[in-house]
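Novice: So that you have it, the file is final-v2.pdb, and it contains PDB, C-alpha atoms:
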```
ATOM      1  CA  MET A 743     181.683   8.248 -31.274
ATOM      2  CA  GLU A 744     181.184   6.913 -27.744
ATOM      3  CA  LYS A 745     180.787   3.162 -27.465
ATOM      4  CA  ARG A 746     177.240   3.347 -26.107
ATOM      5  CA  TYR A 747     176.089   5.535 -29.006
ATOM      6  CA  LYS A 748     177.693   3.094 -31.398
ATOM      7  CA  GLY A 749     175.654   0.371 -29.734
ATOM      8  CA  TYR A 750     172.465   2.414 -30.101
ATOM      9  CA  LEU A 751     173.202   3.042 -33.769
ATOM     10  CA  LEU A 752     173.924  -0.621 -34.512
ATOM     11  CA  THR A 753     170.710  -1.617 -32.752
ATOM     12  CA  ALA A 754     168.638   0.912 -34.687
ATOM     13  CA  ILE A 755     170.098  -0.351 -37.968
ATOM     14  CA  GLY A 756     169.525  -3.932 -36.831
ATOM     15  CA  ILE A 757     165.825  -3.465 -36.082
ATOM     16  CA  SER A 758     165.329  -1.574 -39.355
ATOM     17  CA  PHE A 759     166.770  -4.627 -41.120
ATOM     18  CA  GLY A 760     164.659  -6.995 -39.036
ATOM     19  CA  ALA A 761     161.463  -5.083 -39.771
ATOM     20  CA  LEU A 762     162.073  -5.742 -43.463
ATOM     21  CA  ALA A 763     161.455  -9.438 -42.864
ATOM     22  CA  SER A 764     157.765  -9.387 -42.005
ATOM     23  CA  VAL A 765     156.858  -6.693 -44.544
ATOM     24  CA  SER A 766     158.818  -8.301 -47.400
ATOM     25  CA  THR A 767     157.513 -11.740 -46.464
ATOM     26  CA  LYS A 768     153.935 -10.508 -46.779
ATOM     27  CA  TYR A 769     154.725  -8.834 -50.096
ATOM     28  CA  VAL A 770     156.305 -11.955 -51.612
ATOM     29  CA  MET A 771     153.724 -14.284 -50.057
ATOM     30  CA  ASP A 772     150.925 -12.382 -51.797
ATOM     31  CA  ALA A 773     152.469 -13.492 -55.093
ATOM     32  CA  SER A 774     153.295 -17.072 -54.057
ATOM     33  CA  ASN A 775     152.665 -19.156 -50.923
ATOM     34  CA  ILE A 776     154.151 -19.971 -47.523
ATOM     35  CA  GLU A 777     156.246 -22.913 -48.767
ATOM     36  CA  THR A 778     157.828 -20.857 -51.533
ATOM     37  CA  VAL A 779     158.697 -17.978 -49.204
ATOM     38  CA  ALA A 780     160.220 -20.374 -46.666
ATOM     39  CA  PHE A 781     162.327 -22.131 -49.293
ATOM     40  CA  TYR A 782     163.723 -18.916 -50.794
ATOM     41  CA  TRP A 783     164.398 -17.375 -47.373
ATOM     42  CA  PHE A 784     166.256 -20.439 -46.081
ATOM     43  CA  PHE A 785     168.148 -20.889 -49.336
ATOM     44  CA  PHE A 786     169.421 -17.337 -49.684
ATOM     45  CA  ALA A 787     169.974 -16.849 -45.952
ATOM     46  CA  LEU A 788     172.202 -19.926 -46.023
ATOM     47  CA  ILE A 789     174.108 -18.562 -49.010
ATOM     48  CA  TRP A 790     174.717 -15.184 -47.354
ATOM     49  CA  ALA A 791     175.627 -16.753 -44.015
ATOM     50  CA  SER A 792     178.030 -19.135 -45.761
ATOM     51  CA  ILE A 793     179.754 -16.266 -47.561
ATOM     52  CA  ILE A 794     180.203 -14.369 -44.289
ATOM     53  CA  SER A 795     181.413 -17.478 -42.468
ATOM     54  CA  LEU A 796     183.944 -18.161 -45.234
ATOM     55  CA  TYR A 797     185.181 -14.595 -45.026
ATOM     56  CA  LYS A 798     185.573 -14.827 -41.243
ATOM     57  CA  LYS A 799     186.663 -18.487 -41.375
ATOM     58  CA  ARG A 800     183.915 -19.495 -38.943
ATOM     59  CA  TYR A 801     182.677 -22.424 -41.053
ATOM     60  CA  GLN A 802     185.270 -24.630 -39.362
ATOM     61  CA  THR A 803     183.423 -24.351 -36.039
ATOM     62  CA  VAL A 804     180.016 -25.539 -37.307
ATOM     63  CA  ILE A 805     180.597 -29.315 -37.301
ATOM     64  CA  PRO A 806     182.451 -29.360 -33.940
ATOM     65  CA  ALA A 807     179.629 -27.300 -32.390
ATOM     66  CA  ILE A 808     177.001 -29.774 -33.612
ATOM     67  CA  LYS A 809     179.045 -32.796 -32.532
ATOM     68  CA  LYS A 810     179.550 -31.383 -29.055
ATOM     69  CA  GLN A 811     175.809 -31.172 -28.263
ATOM     70  CA  PRO A 812     173.881 -32.886 -31.090
ATOM     71  CA  LYS A 813     170.657 -33.422 -29.119
ATOM     72  CA  ILE A 814     170.470 -29.779 -28.100
ATOM     73  CA  TRP A 815     171.036 -28.595 -31.665
ATOM     74  CA  LEU A 816     168.413 -31.008 -32.990
ATOM     75  CA  LEU A 817     165.947 -29.767 -30.376
ATOM     76  CA  LEU A 818     166.671 -26.139 -31.270
ATOM     77  CA  ALA A 819     166.289 -26.851 -34.978
ATOM     78  CA  SER A 820     162.996 -28.675 -34.390
ATOM     79  CA  PHE A 821     161.639 -25.784 -32.342
ATOM     80  CA  PHE A 822     162.629 -23.320 -35.028
ATOM     81  CA  LEU A 823     160.982 -25.397 -37.748
ATOM     82  CA  ILE A 824     157.732 -25.167 -35.795
ATOM     83  CA  SER A 825     157.967 -21.490 -34.906
ATOM     84  CA  TYR A 826     158.978 -20.221 -38.352
ATOM     85  CA  PRO A 827     155.975 -21.591 -40.327
ATOM     86  CA  ALA A 828     153.669 -20.367 -37.549
ATOM     87  CA  TRP A 829     155.229 -16.905 -37.918
ATOM     88  CA  LEU A 830     154.737 -17.006 -41.694
ATOM     89  CA  TYR A 831     151.124 -18.090 -41.345
ATOM     90  CA  SER A 832     150.506 -15.323 -38.818
ATOM     91  CA  ILE A 833     151.780 -12.714 -41.264
ATOM     92  CA  LYS A 834     149.472 -14.176 -43.884
ATOM     93  CA  ILE A 835     146.286 -14.066 -41.793
ATOM     94  CA  ILE A 836     146.730 -11.093 -39.416
ATOM     95  CA  GLY A 837     149.367  -9.029 -41.245
ATOM     96  CA  PRO A 838     152.911  -7.911 -40.386
ATOM     97  CA  VAL A 839     151.914  -5.057 -38.043
ATOM     98  CA  ASN A 840     149.765  -7.168 -35.703
ATOM     99  CA  THR A 841     152.322  -9.972 -35.881
ATOM    100  CA  ASP A 842     155.201  -7.738 -34.816
ATOM    101  CA  PHE A 843     153.309  -6.223 -31.922
ATOM    102  CA  VAL A 844     152.197  -9.600 -30.562
ATOM    103  CA  THR A 845     155.727 -10.984 -30.974
ATOM    104  CA  LEU A 846     156.861  -8.640 -28.186
ATOM    105  CA  ILE A 847     154.836 -10.727 -25.730
ATOM    106  CA  GLY A 848     157.803 -13.113 -25.867
ATOM    107  CA  VAL A 849     159.551 -10.766 -23.414
ATOM    108  CA  LEU A 850     156.812 -11.422 -20.839
ATOM    109  CA  TYR A 851     157.213 -15.145 -21.437
ATOM    110  CA  MET A 852     160.998 -14.954 -20.956
ATOM    111  CA  THR A 853     160.475 -13.017 -17.744
ATOM    112  CA  GLY A 854     158.063 -15.709 -16.606
ATOM    113  CA  LEU A 855     160.693 -18.376 -17.253
ATOM    114  CA  GLY A 856     163.089 -16.428 -15.068
ATOM    115  CA  VAL A 857     160.519 -16.340 -12.290
ATOM    116  CA  ILE A 858     159.678 -20.058 -12.560
ATOM    117  CA  ILE A 859     163.089 -21.571 -13.293
ATOM    118  CA  LEU A 860     165.474 -19.076 -11.701
ATOM    119  CA  LYS A 861     163.181 -18.415  -8.730
ATOM    120  CA  GLU A 862     163.109 -14.678  -9.366
ATOM    121  CA  LYS A 863     160.267 -12.422  -8.288
ATOM    122  CA  PHE A 864     158.221  -9.739  -9.986
ATOM    123  CA  ASN A 865     158.532  -6.314  -8.393
ATOM    124  CA  LEU A 866     155.768  -3.698  -8.596
ATOM    125  CA  PHE A 867     157.334  -1.979 -11.622
ATOM    126  CA  GLU A 868     157.529  -5.237 -13.585
ATOM    127  CA  THR A 869     154.043  -6.288 -12.536
ATOM    128  CA  PHE A 870     152.615  -3.079 -13.938
ATOM    129  CA  GLY A 871     154.586  -3.614 -17.165
ATOM    130  CA  ALA A 872     153.209  -7.137 -17.491
ATOM    131  CA  ILE A 873     149.652  -5.868 -16.983
ATOM    132  CA  LEU A 874     150.131  -3.228 -19.683
ATOM    133  CA  ALA A 875     151.508  -5.810 -22.132
ATOM    134  CA  ILE A 876     148.639  -8.234 -21.509
ATOM    135  CA  LEU A 877     146.071  -5.432 -21.828
ATOM    136  CA  GLY A 878     147.615  -4.393 -25.138
ATOM    137  CA  LEU A 879     147.467  -7.982 -26.363
ATOM    138  CA  LEU A 880     143.786  -8.213 -25.443
ATOM    139  CA  ILE A 881     143.000  -4.968 -27.274
ATOM    140  CA  ILE A 882     144.691  -6.225 -30.445
ATOM    141  CA  THR A 883     143.154  -9.692 -30.200
ATOM    142  CA  PHE A 884     139.542  -8.775 -29.439
ATOM    143  CA  ASN A 885     139.249  -5.569 -31.431
ATOM    144  CA  PRO A 886     135.874  -4.937 -33.152
ATOM    145  CA  VAL A 887     137.453  -4.007 -36.490
ATOM    146  CA  GLU A 888     139.258  -7.165 -37.659
ATOM    147  CA  ASN A 889     137.977  -9.636 -35.063
ATOM    148  CA  LEU A 890     141.265 -11.562 -34.878
ATOM    149  CA  GLU A 891     140.527 -13.737 -31.833
ATOM    150  CA  PHE A 892     141.904 -17.280 -32.431
ATOM    151  CA  LYS A 893     144.046 -16.117 -35.385
ATOM    152  CA  VAL A 894     146.536 -14.620 -32.924
ATOM    153  CA  ILE A 895     147.293 -18.108 -31.606
ATOM    154  CA  PHE A 896     149.768 -18.784 -34.414
ATOM    155  CA  ILE A 897     152.096 -15.915 -33.568
ATOM    156  CA  LEU A 898     151.726 -16.665 -29.858
ATOM    157  CA  ILE A 899     152.828 -20.265 -30.502
ATOM    158  CA  SER A 900     155.693 -19.048 -32.687
ATOM    159  CA  THR A 901     156.803 -16.505 -30.093
ATOM    160  CA  LEU A 902     156.682 -18.913 -27.160
ATOM    161  CA  ILE A 903     158.627 -21.608 -29.020
ATOM    162  CA  PHE A 904     161.198 -19.168 -30.400
ATOM    163  CA  ASN A 905     161.848 -17.649 -26.981
ATOM    164  CA  THR A 906     162.139 -21.114 -25.479
ATOM    165  CA  THR A 907     165.017 -21.736 -27.902
ATOM    166  CA  ARG A 908     166.625 -18.488 -26.767
ATOM    167  CA  PHE A 909     166.406 -19.596 -23.166
ATOM    168  CA  ILE A 910     167.911 -23.009 -24.015
ATOM    169  CA  VAL A 911     170.745 -21.398 -25.960
ATOM    170  CA  LYS A 912     171.690 -19.058 -23.127
ATOM    171  CA  ARG A 913     171.581 -21.882 -20.575
ATOM    172  CA  THR A 914     173.216 -24.766 -22.463
ATOM    173  CA  ILE A 915     175.350 -23.531 -25.359
ATOM    174  CA  HIS A 916     178.163 -21.115 -24.664
ATOM    175  CA  LYS A 917     180.873 -19.410 -26.695
ATOM    176  CA  VAL A 918     179.230 -20.127 -30.048
ATOM    177  CA  GLU A 919     179.249 -17.196 -32.433
ATOM    178  CA  PRO A 920     175.942 -15.945 -33.919
ATOM    179  CA  ILE A 921     176.947 -16.834 -37.477
ATOM    180  CA  VAL A 922     177.157 -20.497 -36.426
ATOM    181  CA  PHE A 923     173.569 -20.377 -35.132
ATOM    182  CA  VAL A 924     172.439 -18.761 -38.371
ATOM    183  CA  LEU A 925     174.213 -21.421 -40.443
ATOM    184  CA  VAL A 926     172.883 -24.421 -38.511
ATOM    185  CA  ARG A 927     169.343 -23.039 -38.387
ATOM    186  CA  ASN A 928     169.222 -22.442 -42.132
ATOM    187  CA  ILE A 929     170.814 -25.788 -43.007
ATOM    188  CA  TYR A 930     168.127 -27.637 -41.043
ATOM    189  CA  GLY A 931     165.413 -25.374 -42.387
ATOM    190  CA  LEU A 932     166.432 -25.733 -46.020
ATOM    191  CA  ILE A 933     166.590 -29.537 -45.783
ATOM    192  CA  VAL A 934     163.117 -29.835 -44.255
ATOM    193  CA  ILE A 935     161.374 -27.296 -46.498
ATOM    194  CA  SER A 936     163.021 -28.786 -49.609
ATOM    195  CA  ILE A 937     161.659 -32.238 -48.730
ATOM    196  CA  TYR A 938     158.223 -30.777 -48.000
ATOM    197  CA  THR A 939     157.968 -28.797 -51.246
ATOM    198  CA  PHE A 940     159.277 -31.768 -53.262
ATOM    199  CA  VAL A 941     156.691 -34.137 -51.764
ATOM    200  CA  PHE A 942     153.693 -31.794 -52.006
ATOM    201  CA  GLY A 943     154.783 -29.867 -55.101
ATOM    202  CA  ASN A 944     153.769 -26.428 -53.818
ATOM    203  CA  PHE A 945     156.857 -24.586 -55.017
ATOM    204  CA  ILE A 946     156.314 -21.485 -57.169
ATOM    205  CA  LEU A 947     159.186 -20.019 -59.186
ATOM    206  CA  LEU A 948     159.616 -16.357 -58.288
ATOM    207  CA  GLU A 949     160.497 -13.761 -60.891
ATOM    208  CA  GLY A 950     161.266 -10.067 -61.133
ATOM    209  CA  LYS A 951     160.978  -7.910 -58.008
ATOM    210  CA  TYR A 952     159.722 -10.836 -55.921
ATOM    211  CA  LEU A 953     162.870 -12.808 -56.672
ATOM    212  CA  VAL A 954     165.059  -9.783 -55.917
ATOM    213  CA  LEU A 955     163.368  -9.340 -52.527
ATOM    214  CA  ALA A 956     163.687 -13.055 -51.754
ATOM    215  CA  MET A 957     167.396 -12.859 -52.559
ATOM    216  CA  ILE A 958     168.352  -9.626 -50.816
ATOM    217  CA  VAL A 959     166.118  -9.338 -47.737
ATOM    218  CA  PRO A 960     167.436 -12.514 -46.001
ATOM    219  CA  LEU A 961     170.917 -10.962 -46.029
ATOM    220  CA  PHE A 962     169.633  -8.021 -43.993
ATOM    221  CA  SER A 963     166.870  -9.557 -41.870
ATOM    222  CA  THR A 964     168.287 -13.021 -41.154
ATOM    223  CA  VAL A 965     172.048 -12.516 -41.187
ATOM    224  CA  LEU A 966     173.147  -8.908 -40.739
ATOM    225  CA  GLN A 967     170.458  -8.122 -38.167
ATOM    226  CA  HIS A 968     171.744 -10.808 -35.793
ATOM    227  CA  LEU A 969     175.379  -9.868 -36.319
ATOM    228  CA  LEU A 970     174.690  -6.164 -35.744
ATOM    229  CA  MET A 971     172.745  -6.872 -32.564
ATOM    230  CA  PHE A 972     175.539  -9.130 -31.302
ATOM    231  CA  GLN A 973     178.034  -6.300 -31.792
ATOM    232  CA  ALA A 974     175.700  -3.737 -30.231
ATOM    233  CA  TYR A 975     175.546  -5.728 -26.993
ATOM    234  CA  LYS A 976     179.305  -5.275 -26.662
ATOM    235  CA  TYR A 977     179.044  -1.484 -26.682
ATOM    236  CA  ALA A 978     175.925  -0.534 -24.747
ATOM    237  CA  ASP A 979     173.850  -1.632 -21.772
ATOM    238  CA  PHE A 980     171.419  -4.405 -22.708
ATOM    239  CA  SER A 981     168.491  -2.740 -20.959
ATOM    240  CA  LYS A 982     168.961   0.459 -22.975
ATOM    241  CA  LEU A 983     169.162  -1.450 -26.251
ATOM    242  CA  ALA A 984     165.996  -3.344 -25.322
ATOM    243  CA  ILE A 985     164.063  -0.080 -25.510
ATOM    244  CA  ILE A 986     165.157   0.434 -29.117
ATOM    245  CA  VAL A 987     164.359  -3.178 -30.016
ATOM    246  CA  ALA A 988     160.848  -2.843 -28.565
ATOM    247  CA  LEU A 989     160.132  -0.049 -31.040
ATOM    248  CA  SER A 990     160.589  -2.339 -34.065
ATOM    249  CA  PRO A 991     156.820  -2.744 -34.785
ATOM    250  CA  PHE A 992     156.607   0.980 -35.492
ATOM    251  CA  MET A 993     159.302   0.504 -38.130
ATOM    252  CA  VAL A 994     157.056  -2.162 -39.677
ATOM    253  CA  ILE A 995     154.232   0.407 -39.795
ATOM    254  CA  ILE A 996     156.518   2.854 -41.614
ATOM    255  CA  TYR A 997     157.560   0.236 -44.177
ATOM    256  CA  SER A 998     153.934  -0.836 -44.652
ATOM    257  CA  TYR A 999     152.911   2.755 -45.298
ATOM    258  CA  PHE A1000     155.490   3.236 -48.058
ATOM    259  CA  ILE A1001     154.744  -0.132 -49.694
ATOM    260  CA  TRP A1002     150.941  -0.321 -49.436
ATOM    261  CA  GLY A1003     149.960   3.108 -48.154
ATOM    262  CA  TYR A1004     148.920   1.287 -44.984
ATOM    263  CA  ILE A1005     147.393   3.350 -42.183
ATOM    264  CA  PRO A1006     147.218   1.493 -38.841
ATOM    265  CA  TYR A1007     143.908   1.140 -37.035
ATOM    266  CA  SER A1008     143.459   2.993 -33.768
ATOM    267  CA  TYR A1009     143.260  -0.315 -31.873
ATOM    268  CA  GLN A1010     146.675  -1.297 -33.255
ATOM    269  CA  LEU A1011     148.262   1.956 -32.116
ATOM    270  CA  ILE A1012     146.633   1.796 -28.672
ATOM    271  CA  GLY A1013     147.157  -1.928 -28.068
ATOM    272  CA  GLY A1014     150.598  -1.917 -29.659
ATOM    273  CA  THR A1015     151.746   1.072 -27.645
ATOM    274  CA  LEU A1016     150.611  -0.591 -24.412
ATOM    275  CA  ILE A1017     152.547  -3.756 -25.345
ATOM    276  CA  VAL A1018     155.665  -1.741 -26.171
ATOM    277  CA  LEU A1019     155.478   0.250 -22.930
ATOM    278  CA  GLY A1020     154.946  -2.920 -20.906
ATOM    279  CA  VAL A1021     157.835  -4.672 -22.617
ATOM    280  CA  ILE A1022     160.150  -1.697 -22.067
ATOM    281  CA  MET A1023     159.300  -1.706 -18.362
ATOM    282  CA  LEU A1024     159.971  -5.445 -18.123
ATOM    283  CA  LYS A1025     163.221  -5.424 -20.090
ATOM    284  CA  PHE A1026     164.655  -2.266 -18.574
ATOM    285  CA  LYS A1027     164.245  -3.418 -14.996
ATOM    286  CA  ARG A1028     164.959  -7.128 -15.305
ATOM    287  CA  ASN A1029     168.005  -6.863 -17.571
ATOM    288  CA  LYS A1030     169.690  -4.835 -14.877
ATOM    289  CA  ARG A1031     169.588  -7.928 -12.707
ATOM    290  CA  ILE A1032     170.094 -10.770 -15.166
ATOM    291  CA  ASN A1033     170.165 -11.180 -18.925
ATOM    292  CA  ILE A1034     167.952 -14.104 -19.978
TER     293      ILE A1034
END
```
Before we go any further, please render this structure as structure tokens.
Specialist:
Amino acid sequence: MEKRYKGYLLTAIGISFGALASVSTKYVMDASNIETVAFYWFFFALIWASIISLYKKRYQTVIPAIKKQPKIWLLLASFFLISYPAWLYSIKIIGPVNTDFVTLIGVLYMTGLGVIILKEKFNLFETFGAILAILGLLIITFNPVENLEFKVIFILISTLIFNTTRFIVKRTIHKVEPIVFVLVRNIYGLIVISIYTFVFGNFILLEGKYLVLAMIVPLFSTVLQHLLMFQAYKYADFSKLAIIVALSPFMVIIYSYFIWGYIPYSYQLIGGTLIVLGVIMLKFKRNKRINI
């Protein structure tokens, strides 16, 4: 198999794993609450990441990485601990499909950072892509069916903060393997959510299929997804892989159909498709110049 096709395959598997996160989160959250889902996800993601790091002997690099730039790591962890609950709450109130489509707006935000901070310029192709993405967002937000309006603000906040962390990572922290990021993020997350659930007593003990999902899904969505994507970038052009990544919300629709028999509204398909097309135009063109 050619390297580029291997990259495409790894990316496709990665986004199929990632799409499990929002759908499974909604499924488990319906039987518990946000705090419980967060605790189980952090706990089991940390376990799986620790096992992988032990196997690859990467655990030895965690403490030195934190000591080298403690303020940056603390800032990244703080940002994540704001963005993750906002993402969970978005799934709860607007559903996984809308959440995944709106999440793609983060690409427009990252492009904007490149324009502002790196003094880049939009060309006509990118401008049209940005307009499509914004139009799609407006269609999803102000649709007459669900009347989401202000409810979309939570995933927008989550997306902007999360992509800010990505920008910081690429500009300040170099040569740190993905498994180290996963470990540090989940260590911070587990500590904070454990304190929160202990103080407010909102923890619900999961059983049966809900517990199985809470145990298994973090391995795929939180750990393996990131590792697969990291490997994919070594084999194929980033701009080509970005097209596959942008299609992830449609994978969420497929999962939702098999779990709940969910049929997307026409506004979701129209608005979501416009966002995806706009994002593909932005990523494909800009990643040829610089990867941010």
Novice: Write out as AutoDock Vina command-line options an axis-aligned box for segment 787-799 of chain A: all of its atoms listed in the file, 5 Å added on each side, centre and edge lengths in Å with one decimal.
Specialist:
```
--center_x 178.3 --center_y -17.1 --center_z -45.1 --size_x 26.7 --size_y 15.6 --size_z 17.8
```
Novice: For Thr964 of chain A, please output as a VMD selection string all residues within 8 Å (counting only C-alpha atoms; exclusion window: fewer than 4 positions along the same chain).
Specialist: chain A and resid 760 763 787 924 959 to 960 968
Novice: For the residues in the current selection, export C-alpha atoms as a short mmCIF file (atom, residue, chain, number, x, y, z; two decimals), in the coordinates of the input.
Specialist:
```cif
data_model
loop_
_atom_site.label_atom_id
_atom_site.label_comp_id
_atom_site.auth_asym_id
_atom_site.auth_seq_id
_atom_site.Cartn_x
_atom_site.Cartn_y
_atom_site.Cartn_z
CA GLY A 760 164.66 -7.00 -39.04
CA ALA A 763 161.46 -9.44 -42.86
CA ALA A 787 169.97 -16.85 -45.95
CA VAL A 924 172.44 -18.76 -38.37
CA VAL A 959 166.12 -9.34 -47.74
CA PRO A 960 167.44 -12.51 -46.00
CA HIS A 968 171.74 -10.81 -35.79
#
```
Novice: Could you please determine the separation between atom CA of Val849 of chain A and atom CA of Lys834 of chain A in Å, to one decimal place?
Specialist: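 Atom CA of Lys834 of chain A lies at a distance of 23.1 Å from atom CA of Val849 of chain A.
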Novice: Nearest residue to Leu890 of chain A out of A:Thr753, A:Gln1010, A:Thr803, A:Ser990, using only C-alpha atoms?
Specialist: A:Gln1010
Novice: So the first atom is atom CA of Phe822 of chain A and the second is atom CA of Thr906 of chain A; what is the distance between them in Å, to one decimal place?
Specialist: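 Separation of atom CA of Phe822 of chain A and atom CA of Thr906 of chain A: 9.8 Å.
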Novice: If we count all atoms listed in the file, what is near segment 770-781 of chain A at a cut-off of 12 Å, once residues fewer than 6 positions away on the same chain are taken out, given as a VMD selection string?
Specialist: chain A and resid 762 to 764 787 to 788 823 826 to 835 837 to 838 928 to 957 959 to 960
Novice: Return the single residue from A:Val994, A:Leu1019, A:Ile794, A:Leu966 that is closest to Gly756 of chain A, with distances computed using all atoms listed in the file.
Specialist: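 Comparing A:Val994, A:Leu1019, A:Ile794, A:Leu966 against Gly756 of chain A, the winner is A:Leu966.
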Novice: For each of A:Ile985, A:Met852, A:Leu846, A:Ile1005, take the minimum atom-to-atom distance to Gly878 of chain A, counting all atoms listed in the file, then give the residue where this is smallest.
Specialist: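 Smallest separation from Gly878 of chain A among the options: A:Leu846.
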Novice: Of the candidates A:Trp815, A:Trp1002, A:Ser1008, A:Val1021, which shows the shortest atom-to-atom distance to Leu989 of chain A, using all atoms listed in the file?
Specialist: A:Val1021
Novice: Emit segment 823-843 of chain A of the structure in the block as a file comprising N, CA and C atoms, as a compact mmCIF listing (two decimals), in the first residue's frame.
Specialist:
```txt
# COMPACT_ATOMS: atom_id res chain seq x y z
N LEU A 823 -10.02 22.34 30.46
CA LEU A 823 -11.03 22.11 31.49
C LEU A 823 -12.20 23.08 31.38
N ILE A 824 -12.06 24.09 30.54
CA ILE A 824 -13.19 24.97 30.22
C ILE A 824 -13.90 24.45 28.97
N SER A 825 -13.11 24.06 27.99
CA SER A 825 -13.69 23.65 26.70
C SER A 825 -14.42 22.32 26.79
N TYR A 826 -13.90 21.38 27.59
CA TYR A 826 -14.50 20.05 27.64
C TYR A 826 -15.90 20.06 28.24
N PRO A 827 -16.13 20.69 29.40
CA PRO A 827 -17.50 20.76 29.94
C PRO A 827 -18.46 21.49 29.00
N ALA A 828 -17.96 22.53 28.31
CA ALA A 828 -18.80 23.25 27.37
C ALA A 828 -19.20 22.34 26.22
N TRP A 829 -18.27 21.49 25.78
CA TRP A 829 -18.57 20.50 24.73
C TRP A 829 -19.62 19.50 25.20
N LEU A 830 -19.46 19.01 26.43
CA LEU A 830 -20.43 18.07 26.99
C LEU A 830 -21.82 18.70 27.08
N TYR A 831 -21.86 19.93 27.57
CA TYR A 831 -23.15 20.60 27.73
C TYR A 831 -23.80 20.85 26.36
N SER A 832 -22.98 21.14 25.36
CA SER A 832 -23.51 21.33 24.02
C SER A 832 -24.16 20.06 23.50
N ILE A 833 -23.51 18.93 23.70
CA ILE A 833 -24.08 17.65 23.28
C ILE A 833 -25.42 17.41 23.98
N LYS A 834 -25.48 17.81 25.23
CA LYS A 834 -26.70 17.60 26.01
C LYS A 834 -27.87 18.44 25.48
N ILE A 835 -27.61 19.69 25.10
CA ILE A 835 -28.72 20.59 24.76
C ILE A 835 -29.00 20.72 23.26
N ILE A 836 -27.99 20.48 22.40
CA ILE A 836 -28.26 20.60 20.95
C ILE A 836 -27.98 19.30 20.20
N GLY A 837 -27.46 18.28 20.91
CA GLY A 837 -27.25 16.98 20.29
C GLY A 837 -25.88 16.83 19.62
N PRO A 838 -25.46 15.59 19.40
CA PRO A 838 -24.13 15.34 18.83
C PRO A 838 -23.97 15.78 17.38
N VAL A 839 -25.02 15.71 16.58
CA VAL A 839 -24.91 16.08 15.16
C VAL A 839 -24.65 17.57 15.01
N ASN A 840 -25.50 18.40 15.63
CA ASN A 840 -25.29 19.85 15.57
C ASN A 840 -23.94 20.23 16.16
N THR A 841 -23.58 19.59 17.26
CA THR A 841 -22.32 19.90 17.93
C THR A 841 -21.13 19.64 17.00
N ASP A 842 -21.15 18.50 16.32
CA ASP A 842 -20.02 18.16 15.45
C ASP A 842 -19.92 19.10 14.25
N PHE A 843 -21.04 19.47 13.69
CA PHE A 843 -21.00 20.40 12.57
C PHE A 843 -20.43 21.75 12.99
```
